[in-house]
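Worksheet for the structure shown next.
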Number of protein chains: 2
Amino acid sequence: MEFKFQDGLIPAVIQDRKSGKVLMLGYMNEDAYKQTMTSGFVTFFSRSRQKLWTKGETSGHRLLVKEIRVDCDSDALLIQADLAGPGCCHLGYKSCFFRKLTPDGEEIILAREFDPSKVYGDTEQESQT
Amino acid sequence: MEFKFQDGLIPAVIQDRKSGKVLMLGYMNEDAYKQTMTSGFVTFFSRSRQKLWTKGETSGHRLLVKEIRVDCDSDALLIQADLAGPGCCHLGYKSCFFRKLTPDGEEIILAREFDPSKVYGDTEQESQT
């Protein structure tokens, strides 16, 4: 299987297997993809930290891989996963997509599932996709 | 609303509003986003053709925008849309994510919804996200 990496990265959309909600979008390099496939836990390459990053390594909110798909152009991945924990977003929401955009601005449309300061404390947060 | 564009682009995940299926991932520049917001039809910036591209301009399989969300880092969009037509993918499938990856290779897991040669003919295809 040959992917088309762009600058060494491919975007991966994470979808909650049970609810169908899109939880987040991250980027994988070849090593992150291999580690995801072999470990069974979603692992990204953090562009800001320039290193592999297994989602949930701080919070425990890991993403257990159930299925990996690739698109027609082989330049995007869609991963069905089970989320271990109350929320995927480092700000305490189920999904990182918790803001709706309108011509007038933005609106928060999800409720917080957990208090991020209790989960992440002073540790490096997991936001840097 | 300020997005974090990367090289002028932001990825946009398109999700079918009714079924929850993820249909495709494309990229928008600022003009594509504005046109999407004002026209109500998903419009991308084609990286290979280097121009705006309203999904469905050839096939008629347009994506009617129902909701636009942005993620916590403001560097990815999630768009809920209604698909006008039998399939979103230029290869005839409902979703561009029609191949499942396994350690042994890939497997097609969706059925074709239409014959692409009848829809696209000899025209430039809509694959170039």
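FYI, nothing fancy with the structure tokens labels: chains A, B, ... in order, residues from 1 per chain, ligands from 1 as they appear.
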
- Item | Distance filter 7 Å, only C-alpha atoms, chain B against chain A, as a PyMOL selection string | chain B and resi 1+20+68-72+78+96-101+105

Create the file for the chosen residues now, containing C-alpha atoms and written as a CSV table (one decimal), in the first residue's frame.
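What landed in out.csv:
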chain,number,residue,atom,x,y,z
B,1,MET,CA,-12.8,34.0,12.9
B,20,GLY,CA,-23.0,10.3,9.4
B,68,ILE,CA,-19.6,24.2,9.4
B,69,ARG,CA,-17.5,23.4,12.4
B,70,VAL,CA,-13.9,24.3,13.3
B,71,ASP,CA,-11.6,22.3,15.6
B,72,CYS,CA,-9.9,23.4,18.8
B,78,LEU,CA,-15.9,19.6,9.6
B,96,CYS,CA,-14.1,8.4,-1.2
B,97,PHE,CA,-13.1,6.1,1.7
B,98,PHE,CA,-14.1,2.9,0.1
B,99,ARG,CA,-10.9,0.9,0.7
B,100,LYS,CA,-10.1,-0.8,4.0
B,101,LEU,CA,-6.5,-1.3,4.9
B,105,GLY,CA,-3.2,-5.1,1.8

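Residues of stretch 54-90 of chain A assigned to strand (DSSP E or B) by DSSP on this structure's backbone: Thr54, Leu63, Leu64, Val65, Lys66, Glu67, Ile68, Arg69, Val70, Leu77, Leu78, Ile79, Gln80, Ala81, Asp82 and Leu83 of chain A.
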
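The residues of chain A that DSSP classifies as helix (DSSP H, G or I), using the backbone of this structure, are Glu30, Asp31, Ala32, Tyr33, Lys34, Gln35, Thr36, Met37, Thr38, Ser39, Pro116, Ser117, Lys118, Val119 and Tyr120 of chain A.
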
Okay, now the selection with N, CA and C atoms, as a tab-separated table (two decimals), in the first residue's frame?
chain	number	residue	atom	x	y	z
A	30	GLU	N	5.10	8.12	8.17
A	30	GLU	CA	5.12	6.69	7.92
A	30	GLU	C	5.29	5.90	9.23
A	31	ASP	N	6.16	6.39	10.12
A	31	ASP	CA	6.36	5.70	11.39
A	31	ASP	C	5.10	5.71	12.25
A	32	ALA	N	4.39	6.84	12.26
A	32	ALA	CA	3.15	6.94	13.06
A	32	ALA	C	2.11	5.95	12.51
A	33	TYR	N	2.03	5.85	11.19
A	33	TYR	CA	1.09	4.90	10.60
A	33	TYR	C	1.46	3.47	10.99
A	34	LYS	N	2.73	3.15	10.88
A	34	LYS	CA	3.16	1.78	11.22
A	34	LYS	C	2.87	1.47	12.69
A	35	GLN	N	3.15	2.43	13.56
A	35	GLN	CA	2.92	2.21	14.99
A	35	GLN	C	1.42	2.07	15.28
A	36	THR	N	0.61	2.87	14.57
A	36	THR	CA	-0.85	2.75	14.72
A	36	THR	C	-1.31	1.36	14.32
A	37	MET	N	-0.79	0.89	13.19
A	37	MET	CA	-1.20	-0.42	12.67
A	37	MET	C	-0.74	-1.55	13.60
A	38	THR	N	0.45	-1.45	14.13
A	38	THR	CA	0.97	-2.56	14.93
A	38	THR	C	0.50	-2.51	16.38
A	39	SER	N	0.37	-1.31	16.94
A	39	SER	CA	-0.03	-1.21	18.36
A	39	SER	C	-1.54	-1.28	18.54
A	116	PRO	N	-10.29	19.81	31.86
A	116	PRO	CA	-8.95	19.52	31.33
A	116	PRO	C	-7.84	19.74	32.35
A	117	SER	N	-8.00	20.68	33.28
A	117	SER	CA	-6.92	20.95	34.24
A	117	SER	C	-6.71	19.75	35.17
A	118	LYS	N	-7.79	18.98	35.41
A	118	LYS	CA	-7.66	17.80	36.26
A	118	LYS	C	-7.04	16.61	35.51
A	119	VAL	N	-7.22	16.61	34.22
A	119	VAL	CA	-6.73	15.49	33.42
A	119	VAL	C	-5.29	15.74	32.95
A	120	TYR	N	-5.03	16.97	32.53
A	120	TYR	CA	-3.71	17.27	31.97
A	120	TYR	C	-2.79	17.95	32.97

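Look at A:Gln50: the protein and nucleic acid residues within 12 Å of it, using only C-alpha atoms and passing over chain neighbours fewer than 5 places away, are Gly8, Leu9, Tyr27, Met28, Asn29, Ala32, Phe44, Phe45, Gln128 and Thr129 of chain A.
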
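Across the structure, atom CA of A:Phe3 and atom CA of B:Gln6 are spaced 20.3 Å apart.
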
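Between atom CA of A:Trp53 and atom CA of A:Gly92 lies a distance of 18.6 Å.
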
- So which residues touch B:Gly56 within 10 Å, counting only C-alpha atoms, skipping near sequence neighbours fewer than 5 positions away, as a ChimeraX atom specification? /B:41-43,61-63,83-85,88,90,126
